[in-house]
Amino acid sequence: MITEAALKTVRHAVALVADPEYPDLNIEQLGILEDVVAENSAIRVDLVPTIMGCPALEVIEKDVVAAARASGYDVTVRFCMSPVWTPDRISNDAREILGREYSVAIRLRNGLTTCPVCGNKALQHRSDVGATACRSVEWCPDCRNPIEVVRSREIGQT
Amino acid sequence: MDEFEAFLDDGGIVEPNDDIPEPYRKAVFRFIEMHANSEYMGGLTERDWIPKAPGLHRKMTALAKSQDEIGHAHLLYMVAADLGIKTRKEMVTDLLEGRTHFQNVFHYRVHSWTDQIAVAYLVDAAALASQQAVFKNCSYGPYKRILRRVIAEEGFHMRNGEEMMLLMAHGTDVQHQMMQESIDRWWLPSIQLFGPDSKPDDELLRWHIKSERNEDLRDRYVQKFVPQLLAGNFTIPDSGLRQDNEDGKWKISDMDWQPLQDTMKNIGPDSSRRISDAKRAWYDAEWVRTALDDATKTPA
(Lines give C-alpha, C1' and ligand atoms only; values in the text may rest on other atoms or scores of the structure.)
Protein backbone atom coordinates (compact mmCIF):
# COMPACT_ATOMS: atom_id res chain seq x y z
CA MET A 1 0.00 0.00 0.00
CA ILE A 2 1.45 3.34 -1.07
CA THR A 3 0.67 6.12 1.35
CA GLU A 4 -0.01 9.75 0.49
CA ALA A 5 3.05 10.62 2.55
CA ALA A 6 5.21 8.38 0.35
CA LEU A 7 3.92 10.04 -2.81
CA LYS A 8 4.60 13.43 -1.31
CA THR A 9 8.16 12.47 -0.36
CA VAL A 10 8.86 11.20 -3.87
CA ARG A 11 7.33 14.27 -5.44
CA HIS A 12 9.55 16.55 -3.34
CA ALA A 13 12.62 14.52 -4.23
CA VAL A 14 12.11 14.21 -7.99
CA ALA A 15 10.95 17.82 -8.38
CA LEU A 16 14.54 18.90 -7.71
CA VAL A 17 16.03 16.89 -10.59
CA ALA A 18 17.99 19.35 -12.73
CA ASP A 19 17.29 19.65 -16.41
CA PRO A 20 20.28 18.33 -18.39
CA GLU A 21 20.37 21.36 -20.68
CA TYR A 22 19.53 24.05 -18.11
CA PRO A 23 21.33 22.88 -14.98
CA ASP A 24 19.98 25.86 -12.99
CA LEU A 25 16.41 24.74 -13.50
CA ASN A 26 14.60 21.67 -12.29
CA ILE A 27 12.00 19.54 -14.02
CA GLU A 28 9.18 20.95 -11.94
CA GLN A 29 9.99 24.55 -12.86
CA LEU A 30 10.07 23.57 -16.52
CA GLY A 31 6.71 21.82 -16.31
CA ILE A 32 8.17 18.43 -17.19
CA LEU A 33 7.03 16.80 -13.94
CA GLU A 34 3.34 16.01 -14.31
CA ASP A 35 2.42 13.75 -11.42
CA VAL A 36 3.52 11.12 -8.95
CA VAL A 37 0.93 8.37 -8.59
CA ALA A 38 0.42 5.00 -6.95
CA GLU A 39 0.07 2.16 -9.40
CA ASN A 40 -0.91 -1.06 -7.68
CA SER A 41 1.83 -1.41 -5.08
CA ALA A 42 4.37 0.71 -6.92
CA ILE A 43 5.03 4.40 -7.48
CA ARG A 44 4.99 5.89 -10.95
CA VAL A 45 6.37 9.26 -11.96
CA ASP A 46 4.66 10.83 -14.97
CA LEU A 47 6.76 13.18 -17.05
CA VAL A 48 5.76 15.37 -19.99
CA PRO A 49 8.59 15.70 -22.53
CA THR A 50 9.06 19.19 -23.98
CA ILE A 51 9.31 17.60 -27.41
CA MET A 52 8.97 14.05 -28.61
CA GLY A 53 12.30 12.47 -29.38
CA CYS A 54 14.07 14.74 -26.92
CA PRO A 55 17.55 13.26 -26.51
CA ALA A 56 17.63 14.18 -22.82
CA LEU A 57 14.77 11.88 -21.83
CA GLU A 58 16.94 8.93 -20.89
CA VAL A 59 19.13 11.10 -18.68
CA ILE A 60 16.11 12.68 -17.01
CA GLU A 61 14.60 9.26 -16.39
CA LYS A 62 17.81 7.98 -14.78
CA ASP A 63 18.09 11.06 -12.59
CA VAL A 64 14.45 10.79 -11.50
CA VAL A 65 14.85 7.13 -10.55
CA ALA A 66 18.04 7.94 -8.64
CA ALA A 67 16.48 10.90 -6.81
CA ALA A 68 13.47 8.81 -5.80
CA ARG A 69 15.72 6.01 -4.60
CA ALA A 70 17.71 8.47 -2.52
CA SER A 71 14.43 9.45 -0.85
CA GLY A 72 13.80 5.78 -0.07
CA TYR A 73 11.50 4.68 -2.89
CA ASP A 74 11.80 2.80 -6.16
CA VAL A 75 9.78 4.29 -8.99
CA THR A 76 9.00 3.69 -12.61
CA VAL A 77 8.90 6.59 -15.06
CA ARG A 78 6.27 7.12 -17.71
CA PHE A 79 6.56 9.69 -20.47
CA CYS A 80 3.06 10.95 -21.17
CA MET A 81 1.71 11.56 -24.67
CA SER A 82 -0.82 13.87 -23.11
CA PRO A 83 -1.05 16.52 -21.84
CA VAL A 84 1.12 18.13 -24.48
CA TRP A 85 3.94 20.24 -23.13
CA THR A 86 3.70 23.92 -24.00
CA PRO A 87 5.87 26.85 -22.90
CA ASP A 88 2.98 27.92 -20.64
CA ARG A 89 4.00 25.10 -18.30
CA ILE A 90 7.25 26.91 -17.44
CA SER A 91 6.97 28.57 -14.03
CA ASN A 92 7.39 32.32 -13.62
CA ASP A 93 10.64 32.03 -11.68
CA ALA A 94 12.04 29.71 -14.36
CA ARG A 95 11.09 32.23 -17.06
CA GLU A 96 13.00 34.85 -15.19
CA ILE A 97 16.08 32.62 -14.93
CA LEU A 98 15.87 31.58 -18.59
CA GLY A 99 15.77 35.21 -19.65
CA ARG A 100 18.43 36.51 -17.28
CA GLU A 101 20.89 33.60 -17.29
CA TYR A 102 20.44 32.06 -20.70
CA SER A 103 18.97 34.93 -22.79
CA VAL A 104 16.22 32.51 -23.72
CA ALA A 105 12.74 33.91 -24.28
CA ILE A 106 9.34 32.28 -24.02
CA ARG A 107 6.71 32.82 -26.67
CA LEU A 108 3.51 33.96 -25.01
CA ARG A 109 0.08 32.70 -25.95
CA ASN A 110 -0.61 35.86 -27.94
CA GLY A 111 2.45 35.13 -30.05
CA LEU A 112 4.48 38.01 -28.65
CA THR A 113 8.05 37.62 -27.55
CA THR A 114 10.18 40.12 -25.70
CA CYS A 115 13.93 40.30 -26.08
CA PRO A 116 15.35 39.07 -22.76
CA VAL A 117 18.43 41.25 -23.21
CA CYS A 118 16.91 44.67 -23.96
CA GLY A 119 13.14 44.29 -23.73
CA ASN A 120 12.49 45.05 -27.40
CA LYS A 121 9.21 43.53 -28.60
CA ALA A 122 9.98 43.33 -32.33
CA LEU A 123 12.20 40.28 -32.74
CA GLN A 124 12.96 39.08 -36.27
CA HIS A 125 12.35 35.41 -36.95
CA ARG A 126 15.40 33.59 -38.31
CA SER A 127 14.68 29.87 -38.10
CA ASP A 128 12.03 27.51 -36.72
CA VAL A 129 14.53 25.39 -34.85
CA GLY A 130 17.90 26.18 -33.36
CA ALA A 131 20.44 24.19 -31.40
CA THR A 132 17.61 22.21 -29.87
CA ALA A 133 14.31 21.21 -31.42
CA CYS A 134 12.42 23.03 -28.65
CA ARG A 135 13.84 26.48 -29.48
CA SER A 136 13.50 28.77 -32.49
CA VAL A 137 16.03 31.44 -33.38
CA GLU A 138 15.24 35.15 -33.59
CA TRP A 139 17.36 38.24 -34.00
CA CYS A 140 16.96 41.37 -31.92
CA PRO A 141 17.66 44.34 -34.20
CA ASP A 142 17.89 46.71 -31.22
CA CYS A 143 20.58 45.15 -29.03
CA ARG A 144 21.86 42.95 -31.93
CA ASN A 145 21.78 39.63 -30.09
CA PRO A 146 20.57 36.29 -31.42
CA ILE A 147 17.74 35.18 -29.16
CA GLU A 148 16.47 31.65 -28.74
CA VAL A 149 12.80 31.25 -28.06
CA VAL A 150 11.22 28.22 -26.39
CA ARG A 151 8.50 27.08 -28.71
CA SER A 152 5.75 24.49 -28.82
CA ARG A 153 5.94 21.06 -30.27
CA GLU A 154 4.81 21.67 -33.81
CA ILE A 155 7.07 23.51 -36.20
CA GLY A 156 5.50 26.74 -37.35
CA GLN A 157 3.19 26.87 -34.35
CA THR A 158 3.68 30.00 -32.35
CA MET B 1 42.74 52.44 -26.71
CA ASP B 2 44.18 52.85 -23.19
CA GLU B 3 40.79 53.96 -21.97
CA PHE B 4 39.14 51.01 -23.72
CA GLU B 5 41.62 48.57 -22.17
CA ALA B 6 41.02 50.06 -18.73
CA PHE B 7 37.29 49.57 -19.30
CA LEU B 8 37.94 45.91 -20.21
CA ASP B 9 40.22 45.40 -17.20
CA ASP B 10 37.38 46.66 -14.99
CA GLY B 11 35.20 43.85 -16.31
CA GLY B 12 33.45 46.05 -18.87
CA ILE B 13 31.24 44.28 -21.40
CA VAL B 14 31.34 45.46 -25.01
CA GLU B 15 28.00 45.59 -26.83
CA PRO B 16 27.46 45.81 -30.61
CA ASN B 17 26.10 49.37 -30.46
CA ASP B 18 29.17 50.67 -28.58
CA ASP B 19 32.12 52.38 -30.22
CA ILE B 20 34.40 49.41 -30.78
CA PRO B 21 38.11 49.95 -31.54
CA GLU B 22 38.98 48.26 -34.86
CA PRO B 23 41.75 45.97 -33.52
CA TYR B 24 39.36 44.58 -30.90
CA ARG B 25 36.57 44.19 -33.45
CA LYS B 26 38.91 42.24 -35.73
CA ALA B 27 40.25 40.05 -32.94
CA VAL B 28 36.85 39.17 -31.54
CA PHE B 29 35.55 38.54 -35.06
CA ARG B 30 38.38 36.16 -35.91
CA PHE B 31 37.86 34.29 -32.67
CA ILE B 32 34.10 33.88 -33.12
CA GLU B 33 34.49 32.96 -36.80
CA MET B 34 36.90 30.17 -35.87
CA HIS B 35 34.52 28.96 -33.16
CA ALA B 36 31.59 29.01 -35.59
CA ASN B 37 33.60 27.11 -38.22
CA SER B 38 34.56 24.51 -35.61
CA GLU B 39 30.98 23.99 -34.45
CA TYR B 40 29.92 23.62 -38.06
CA MET B 41 32.63 21.10 -38.96
CA GLY B 42 31.93 19.27 -35.68
CA GLY B 43 28.24 19.04 -36.51
CA LEU B 44 29.08 17.48 -39.87
CA THR B 45 31.34 14.87 -38.22
CA GLU B 46 28.60 14.01 -35.80
CA ARG B 47 26.16 13.71 -38.70
CA ASP B 48 28.35 11.05 -40.37
CA TRP B 49 27.65 8.82 -37.38
CA ILE B 50 23.85 9.09 -37.29
CA PRO B 51 23.31 6.13 -39.64
CA LYS B 52 26.17 4.12 -38.11
CA ALA B 53 25.41 4.64 -34.41
CA PRO B 54 24.48 1.39 -32.65
CA GLY B 55 20.79 1.43 -31.70
CA LEU B 56 17.98 3.92 -31.85
CA HIS B 57 18.96 5.74 -28.69
CA ARG B 58 22.53 6.40 -29.88
CA LYS B 59 21.14 7.57 -33.21
CA MET B 60 18.87 10.03 -31.41
CA THR B 61 21.81 11.31 -29.41
CA ALA B 62 23.99 11.68 -32.50
CA LEU B 63 21.16 13.47 -34.29
CA ALA B 64 20.62 15.84 -31.37
CA LYS B 65 24.32 16.54 -30.99
CA SER B 66 24.64 17.26 -34.68
CA GLN B 67 21.69 19.67 -34.48
CA ASP B 68 23.25 21.26 -31.41
CA GLU B 69 26.56 21.97 -33.13
CA ILE B 70 24.96 23.30 -36.30
CA GLY B 71 22.63 25.40 -34.14
CA HIS B 72 25.59 26.83 -32.24
CA ALA B 73 27.32 27.62 -35.53
CA HIS B 74 24.14 29.37 -36.68
CA LEU B 75 24.12 31.66 -33.61
CA LEU B 76 27.86 32.31 -33.78
CA TYR B 77 27.76 33.19 -37.48
CA MET B 78 24.95 35.67 -36.73
CA VAL B 79 27.07 37.41 -34.10
CA ALA B 80 30.22 37.27 -36.25
CA ALA B 81 28.42 38.69 -39.31
CA ASP B 82 27.01 41.52 -37.18
CA LEU B 83 30.57 42.69 -36.51
CA GLY B 84 30.54 43.88 -40.10
CA ILE B 85 33.80 42.39 -41.31
CA LYS B 86 32.48 39.52 -43.42
CA THR B 87 28.98 38.41 -44.32
CA ARG B 88 27.85 34.96 -43.28
CA LYS B 89 28.11 33.81 -46.89
CA GLU B 90 31.70 35.03 -47.11
CA MET B 91 32.57 33.16 -43.92
CA VAL B 92 31.03 29.92 -45.19
CA THR B 93 32.68 30.30 -48.60
CA ASP B 94 36.08 30.96 -47.00
CA LEU B 95 35.67 27.86 -44.85
CA LEU B 96 34.67 25.64 -47.76
CA GLU B 97 37.51 26.96 -49.91
CA GLY B 98 40.01 26.20 -47.14
CA ARG B 99 40.89 29.87 -46.63
CA THR B 100 39.97 29.97 -42.94
CA HIS B 101 40.45 27.65 -40.01
CA PHE B 102 38.65 25.33 -37.67
CA GLN B 103 39.78 23.46 -34.56
CA ASN B 104 42.58 20.88 -34.91
CA VAL B 105 40.44 17.97 -33.70
CA PHE B 106 38.24 18.17 -36.79
CA HIS B 107 41.23 17.55 -39.07
CA TYR B 108 41.48 13.90 -38.02
CA ARG B 109 39.56 10.92 -39.26
CA VAL B 110 37.02 9.26 -36.98
CA HIS B 111 37.78 5.61 -37.76
CA SER B 112 35.38 3.68 -35.56
CA TRP B 113 32.50 3.96 -33.12
CA THR B 114 35.00 4.01 -30.23
CA ASP B 115 36.74 6.91 -31.99
CA GLN B 116 33.40 8.66 -31.89
CA ILE B 117 33.21 7.90 -28.15
CA ALA B 118 36.75 9.26 -27.70
CA VAL B 119 35.64 12.42 -29.48
CA ALA B 120 32.60 12.74 -27.20
CA TYR B 121 34.65 11.99 -24.09
CA LEU B 122 38.07 13.55 -24.68
CA VAL B 123 37.52 16.16 -27.39
CA ASP B 124 34.19 17.52 -26.18
CA ALA B 125 35.63 17.86 -22.69
CA ALA B 126 38.64 19.78 -24.00
CA ALA B 127 36.37 22.02 -26.07
CA LEU B 128 34.11 22.57 -23.08
CA ALA B 129 37.05 23.48 -20.83
CA SER B 130 38.30 26.07 -23.28
CA GLN B 131 34.79 27.51 -23.79
CA GLN B 132 34.25 27.74 -20.04
CA ALA B 133 37.49 29.67 -19.75
CA VAL B 134 36.35 32.09 -22.46
CA PHE B 135 32.91 32.50 -20.92
CA LYS B 136 34.20 33.24 -17.43
CA ASN B 137 35.56 36.64 -18.31
CA CYS B 138 34.46 37.25 -21.90
CA SER B 139 34.24 40.94 -22.75
CA TYR B 140 32.02 40.67 -25.83
CA GLY B 141 28.39 40.59 -24.66
CA PRO B 142 26.63 38.71 -27.47
CA TYR B 143 29.35 36.04 -27.56
CA LYS B 144 29.24 35.60 -23.79
CA ARG B 145 25.46 35.08 -23.95
CA ILE B 146 25.76 32.37 -26.59
CA LEU B 147 28.55 30.67 -24.65
CA ARG B 148 26.30 30.40 -21.61
CA ARG B 149 23.97 28.11 -23.54
CA VAL B 150 26.71 26.35 -25.50
CA ILE B 151 28.39 25.38 -22.23
CA ALA B 152 25.17 24.03 -20.72
CA GLU B 153 24.60 21.90 -23.80
CA GLU B 154 28.19 20.73 -24.12
CA GLY B 155 28.04 19.62 -20.50
CA PHE B 156 25.23 17.32 -21.48
CA HIS B 157 27.32 15.94 -24.40
CA MET B 158 30.20 15.31 -22.06
CA ARG B 159 28.05 13.33 -19.68
CA ASN B 160 26.98 11.24 -22.64
CA GLY B 161 30.62 10.71 -23.70
CA GLU B 162 31.59 9.70 -20.18
CA GLU B 163 28.78 7.17 -20.00
CA MET B 164 29.73 5.59 -23.32
CA MET B 165 33.40 5.47 -22.36
CA LEU B 166 32.60 3.72 -19.07
CA LEU B 167 30.49 1.20 -20.95
CA MET B 168 33.51 0.32 -23.08
CA ALA B 169 35.88 0.39 -20.10
CA HIS B 170 33.76 -2.26 -18.39
CA GLY B 171 32.87 -4.08 -21.59
CA THR B 172 34.43 -7.12 -23.23
CA ASP B 173 38.17 -7.38 -23.86
CA VAL B 174 37.56 -6.51 -27.50
CA GLN B 175 35.60 -3.39 -26.56
CA HIS B 176 38.27 -2.34 -24.08
CA GLN B 177 40.97 -2.86 -26.71
CA MET B 178 39.03 -0.84 -29.29
CA MET B 179 38.57 1.98 -26.79
CA GLN B 180 42.29 1.90 -26.01
CA GLU B 181 43.16 2.24 -29.70
CA SER B 182 40.84 5.24 -29.96
CA ILE B 183 42.37 6.86 -26.89
CA ASP B 184 45.79 6.32 -28.50
CA ARG B 185 44.59 8.18 -31.59
CA TRP B 186 42.76 11.03 -29.83
CA TRP B 187 44.84 11.86 -26.77
CA LEU B 188 47.35 14.09 -28.54
CA PRO B 189 44.82 16.02 -30.67
CA SER B 190 42.74 16.57 -27.52
CA ILE B 191 45.56 18.10 -25.47
CA GLN B 192 46.76 20.11 -28.47
CA LEU B 193 43.30 21.62 -28.81
CA PHE B 194 44.29 24.13 -26.11
CA GLY B 195 47.13 25.32 -28.34
CA PRO B 196 50.78 25.95 -27.52
CA ASP B 197 51.69 28.03 -24.45
CA SER B 198 50.11 31.49 -24.61
CA LYS B 199 52.40 34.33 -25.61
CA PRO B 200 53.06 36.89 -22.86
CA ASP B 201 51.46 39.66 -24.92
CA ASP B 202 48.48 37.63 -26.21
CA GLU B 203 45.91 40.25 -27.26
CA LEU B 204 43.05 37.78 -26.71
CA LEU B 205 44.02 37.68 -23.04
CA ARG B 206 44.70 41.41 -22.83
CA TRP B 207 41.26 42.21 -24.22
CA HIS B 208 39.51 39.60 -22.09
CA ILE B 209 38.30 37.64 -25.05
CA LYS B 210 40.02 34.69 -23.42
CA SER B 211 40.55 34.54 -19.68
CA GLU B 212 43.07 31.79 -19.12
CA ARG B 213 46.41 30.83 -20.56
CA ASN B 214 46.51 27.82 -22.87
CA GLU B 215 49.07 25.98 -20.76
CA ASP B 216 46.95 26.37 -17.60
CA LEU B 217 43.90 24.92 -19.32
CA ARG B 218 45.92 22.07 -20.78
CA ASP B 219 47.44 21.27 -17.40
CA ARG B 220 44.07 21.20 -15.65
CA TYR B 221 42.75 18.88 -18.35
CA VAL B 222 45.71 16.52 -17.93
CA GLN B 223 45.24 16.43 -14.14
CA LYS B 224 41.60 15.46 -14.60
CA PHE B 225 41.82 12.97 -17.45
CA VAL B 226 44.98 11.02 -16.66
CA PRO B 227 43.52 9.56 -13.43
CA GLN B 228 40.15 8.91 -15.12
CA LEU B 229 41.77 6.98 -17.97
CA LEU B 230 44.01 5.04 -15.62
CA ALA B 231 40.97 4.14 -13.50
CA GLY B 232 39.39 2.67 -16.62
CA ASN B 233 42.50 0.47 -17.02
CA PHE B 234 43.61 2.41 -20.07
CA THR B 235 47.12 3.53 -20.88
CA ILE B 236 48.01 6.99 -22.09
CA PRO B 237 50.06 7.25 -25.28
CA ASP B 238 52.87 9.29 -23.73
CA SER B 239 55.97 7.32 -22.72
CA GLY B 240 57.31 10.28 -20.73
CA LEU B 241 54.17 10.78 -18.65
CA ARG B 242 55.05 10.83 -14.97
CA GLN B 243 53.60 11.80 -11.63
CA ASP B 244 55.58 14.39 -9.71
CA ASN B 245 56.79 13.03 -6.36
CA GLU B 246 56.42 16.39 -4.66
CA ASP B 247 52.99 17.67 -5.62
CA GLY B 248 51.48 14.50 -7.13
CA LYS B 249 50.73 16.34 -10.38
CA TRP B 250 50.89 14.61 -13.73
CA LYS B 251 53.56 15.89 -16.12
CA ILE B 252 53.33 15.18 -19.81
CA SER B 253 56.28 14.99 -22.22
CA ASP B 254 57.26 17.89 -24.41
CA MET B 255 55.06 17.80 -27.45
CA ASP B 256 55.75 17.90 -31.14
CA TRP B 257 53.56 20.79 -32.28
CA GLN B 258 53.88 20.02 -36.00
CA PRO B 259 50.51 18.17 -36.09
CA LEU B 260 48.77 21.29 -34.72
CA GLN B 261 50.57 23.56 -37.16
CA ASP B 262 49.50 21.31 -40.03
CA THR B 263 45.86 21.60 -39.01
CA MET B 264 46.23 25.38 -38.91
CA LYS B 265 47.28 25.21 -42.57
CA ASN B 266 44.44 22.81 -43.40
CA ILE B 267 46.95 20.08 -44.25
CA GLY B 268 46.17 17.75 -41.33
CA PRO B 269 45.62 13.99 -41.82
CA ASP B 270 41.96 14.35 -42.84
CA SER B 271 41.70 18.07 -43.68
CA SER B 272 41.11 17.83 -47.40
CA ARG B 273 38.45 15.12 -47.12
CA ARG B 274 36.68 17.02 -44.33
CA ILE B 275 36.63 20.25 -46.29
CA SER B 276 35.51 18.64 -49.53
CA ASP B 277 32.77 16.74 -47.66
CA ALA B 278 31.57 19.97 -46.10
CA LYS B 279 31.62 21.62 -49.49
CA ARG B 280 29.60 18.84 -51.06
CA ALA B 281 27.06 18.96 -48.22
CA TRP B 282 26.74 22.72 -48.67
CA TYR B 283 26.19 22.62 -52.43
CA ASP B 284 23.94 19.54 -52.29
CA ALA B 285 21.64 21.54 -50.03
CA GLU B 286 21.70 24.63 -52.26
CA TRP B 287 18.23 23.84 -53.65
CA VAL B 288 16.78 23.81 -50.12
CA ARG B 289 18.13 27.28 -49.40
CA THR B 290 16.87 28.55 -52.75
CA ALA B 291 13.44 27.03 -52.18
CA LEU B 292 13.24 28.55 -48.69
CA ASP B 293 14.36 31.95 -49.95
CA ASP B 294 11.76 31.82 -52.72
CA ALA B 295 9.04 30.70 -50.35
CA THR B 296 9.66 33.58 -47.96
CA LYS B 297 9.87 36.25 -50.65
CA THR B 298 6.89 38.53 -50.58
CA PRO B 299 5.12 38.56 -53.95
CA ALA B 300 5.70 41.75 -55.93
# chains A, B, ... in the order shown; residues from 1 in each chain; ligands from 1
$ interface_residues --of "chain A" --to "chain B" --cutoff "9 Å" --atoms "only C-alpha atoms" --output "short mmCIF file (atom, residue, chain, number, x, y, z; two decimals) with N, CA and C atoms, in the first residue's frame"
data_model
loop_
_atom_site.label_atom_id
_atom_site.label_comp_id
_atom_site.auth_asym_id
_atom_site.auth_seq_id
_atom_site.Cartn_x
_atom_site.Cartn_y
_atom_site.Cartn_z
N PRO A 20 18.93 18.51 -17.87
CA PRO A 20 20.28 18.33 -18.39
C PRO A 20 20.79 19.53 -19.20
N GLU A 21 19.89 20.26 -19.85
CA GLU A 21 20.37 21.36 -20.68
C GLU A 21 20.30 22.72 -19.99
N TYR A 22 19.52 22.83 -18.92
CA TYR A 22 19.53 24.05 -18.11
C TYR A 22 19.78 23.65 -16.67
N PRO A 23 21.04 23.43 -16.31
CA PRO A 23 21.33 22.88 -14.98
C PRO A 23 20.82 23.74 -13.81
N GLY A 53 10.97 12.74 -28.83
CA GLY A 53 12.30 12.47 -29.38
C GLY A 53 13.36 13.34 -28.74
N CYS A 54 13.07 13.93 -27.62
CA CYS A 54 14.07 14.74 -26.92
C CYS A 54 15.20 13.82 -26.48
N PRO A 55 16.44 14.15 -26.82
CA PRO A 55 17.55 13.26 -26.51
C PRO A 55 17.89 13.21 -25.02
N ALA A 56 17.29 14.13 -24.25
CA ALA A 56 17.63 14.18 -22.82
C ALA A 56 16.73 13.27 -21.99
N GLU A 58 16.34 10.05 -21.60
CA GLU A 58 16.94 8.93 -20.89
C GLU A 58 17.69 9.41 -19.64
N VAL A 59 18.38 10.53 -19.81
CA VAL A 59 19.13 11.10 -18.68
C VAL A 59 18.17 11.56 -17.59
N GLU A 101 19.67 34.41 -17.24
CA GLU A 101 20.89 33.60 -17.29
C GLU A 101 21.21 33.08 -18.68
N TYR A 102 20.20 32.74 -19.42
CA TYR A 102 20.44 32.06 -20.70
C TYR A 102 20.06 32.91 -21.92
N SER A 103 19.51 34.09 -21.69
CA SER A 103 18.97 34.93 -22.79
C SER A 103 18.00 34.13 -23.65
N VAL A 104 17.22 33.30 -23.00
CA VAL A 104 16.22 32.51 -23.72
C VAL A 104 14.84 33.10 -23.41
N VAL A 129 13.83 26.12 -35.90
CA VAL A 129 14.53 25.39 -34.85
C VAL A 129 15.96 25.89 -34.76
N GLY A 130 16.51 25.76 -33.57
CA GLY A 130 17.90 26.18 -33.36
C GLY A 130 18.73 25.01 -32.91
N ALA A 131 19.55 25.24 -31.90
CA ALA A 131 20.44 24.19 -31.40
C ALA A 131 19.64 23.02 -30.82
N THR A 132 18.46 23.30 -30.31
CA THR A 132 17.61 22.21 -29.87
C THR A 132 16.27 22.35 -30.57
N ALA A 133 15.57 21.22 -30.69
CA ALA A 133 14.31 21.21 -31.42
C ALA A 133 13.23 22.00 -30.68
N VAL A 137 15.00 30.41 -33.43
CA VAL A 137 16.03 31.44 -33.38
C VAL A 137 15.50 32.75 -33.94
N TRP A 139 16.30 37.24 -34.07
CA TRP A 139 17.36 38.24 -34.00
C TRP A 139 16.76 39.50 -33.43
N ASP A 142 17.54 45.60 -32.11
CA ASP A 142 17.89 46.71 -31.22
C ASP A 142 19.24 46.49 -30.52
N CYS A 143 19.32 45.38 -29.76
CA CYS A 143 20.58 45.15 -29.03
C CYS A 143 21.52 44.25 -29.84
N ARG A 144 21.04 43.77 -31.01
CA ARG A 144 21.86 42.95 -31.93
C ARG A 144 22.39 41.68 -31.27
N ASN A 145 21.46 40.95 -30.66
CA ASN A 145 21.78 39.63 -30.09
C ASN A 145 20.89 38.58 -30.75
N PRO A 146 21.45 37.39 -31.01
CA PRO A 146 20.57 36.29 -31.42
C PRO A 146 19.83 35.79 -30.18
N ILE A 147 18.56 35.58 -30.31
CA ILE A 147 17.74 35.18 -29.16
C ILE A 147 17.09 33.84 -29.47
#
$ select_by_dssp --residues "segment 19-132 of chain A" --states "alpha helix (DSSP H)" --output "ChimeraX atom specification"
/A:57-70,92-102
$ residues_around --residues "Trp113 of chain B" --least-positions-apart "3" --cutoff "12 Å" --atoms "only C-alpha atoms" --output "list in words"
Glu46, Asp48, Trp49, Ile50, Pro51, Lys52, Ala53, Pro54, Arg58, Lys59, Ala62, Arg109, Val110, Gln116, Ile117, Ala118, Val119, Ala120, Gly161, Met164, Met165, Met168, Gln175, Met178, Met179, Glu181 and Ser182 of chain B
$ residues_around --residues "Leu112 of chain A" --least-positions-apart "3" --cutoff "12 Å" --atoms "only C-alpha atoms" --output "list in words"
Ala105, Ile106, Arg107, Leu108, Arg109, Cys115, Gly119, Asn120, Lys121, Ala122, Leu123, Gln124, His125, Val149, Arg151 and Thr158 of chain A
$ atom_distance --atom1 "atom CA of Lys89 of chain B" --atom2 "atom CA of Pro189 of chain B"
29.3 Å
$ residues_around --residues "Arg218 of chain B" --least-positions-apart "6" --cutoff "10 Å" --atoms "only C-alpha atoms" --output "list of chain:residue names"
B:Ala126, B:Ala129, B:Ser130, B:Ser190, B:Ile191, B:Gln192, B:Leu193, B:Phe194, B:Gly195, B:Pro196, B:Asp197
$ atom_distance --atom1 "atom CA of Asp256 of chain B" --atom2 "atom CA of Gln180 of chain B"
21.5 Å
$ residues_around --residues "segment 85-99 of chain A" --least-positions-apart "5" --cutoff "6 Å" --atoms "only C-alpha atoms" --output "ChimeraX atom specification"
/A:29-31,50,104-105,116,152
$ select_by_dssp --residues "chain A" --states "strand (DSSP E)" --output "PyMOL selection string"
chain A and resi 33-39+42-47+75-79+104-106+124-127+135-140+145-150
$ residues_around --residues "Gly72 of chain A" --least-positions-apart "4" --cutoff "12 Å" --atoms "only C-alpha atoms" --output "number ranges by chain"
A: 6-7, 9-11, 13-14, 43, 65-68
$ write_last_selection --atoms "N, CA and C atoms" --output "short mmCIF file (atom, residue, chain, number, x, y, z; two decimals), in the first residue's frame"
data_model
loop_
_atom_site.label_atom_id
_atom_site.label_comp_id
_atom_site.auth_asym_id
_atom_site.auth_seq_id
_atom_site.Cartn_x
_atom_site.Cartn_y
_atom_site.Cartn_z
N ALA A 6 4.15 8.91 1.22
CA ALA A 6 5.21 8.38 0.35
C ALA A 6 5.21 9.14 -0.99
N LEU A 7 4.02 9.34 -1.52
CA LEU A 7 3.92 10.04 -2.81
C LEU A 7 4.46 11.46 -2.68
N THR A 9 6.69 12.52 -0.50
CA THR A 9 8.16 12.47 -0.36
C THR A 9 8.82 12.34 -1.73
N VAL A 10 8.28 11.42 -2.54
CA VAL A 10 8.86 11.20 -3.87
C VAL A 10 8.72 12.46 -4.71
N ARG A 11 7.56 13.06 -4.63
CA ARG A 11 7.33 14.27 -5.44
C ARG A 11 8.35 15.36 -5.08
N ALA A 13 11.27 14.93 -3.83
CA ALA A 13 12.62 14.52 -4.23
C ALA A 13 12.83 14.68 -5.73
N VAL A 14 11.88 14.20 -6.54
CA VAL A 14 12.11 14.21 -7.99
C VAL A 14 11.92 15.61 -8.58
N ILE A 43 5.19 2.95 -7.26
CA ILE A 43 5.03 4.40 -7.48
C ILE A 43 5.48 4.72 -8.91
N VAL A 65 14.82 8.40 -11.28
CA VAL A 65 14.85 7.13 -10.55
C VAL A 65 15.85 7.21 -9.41
N ALA A 66 17.01 7.83 -9.68
CA ALA A 66 18.04 7.94 -8.64
C ALA A 66 17.59 8.85 -7.50
N ALA A 67 16.94 9.96 -7.85
CA ALA A 67 16.48 10.90 -6.81
C ALA A 67 15.41 10.25 -5.94
N ALA A 68 14.52 9.48 -6.56
CA ALA A 68 13.47 8.81 -5.80
C ALA A 68 14.09 7.76 -4.87
#
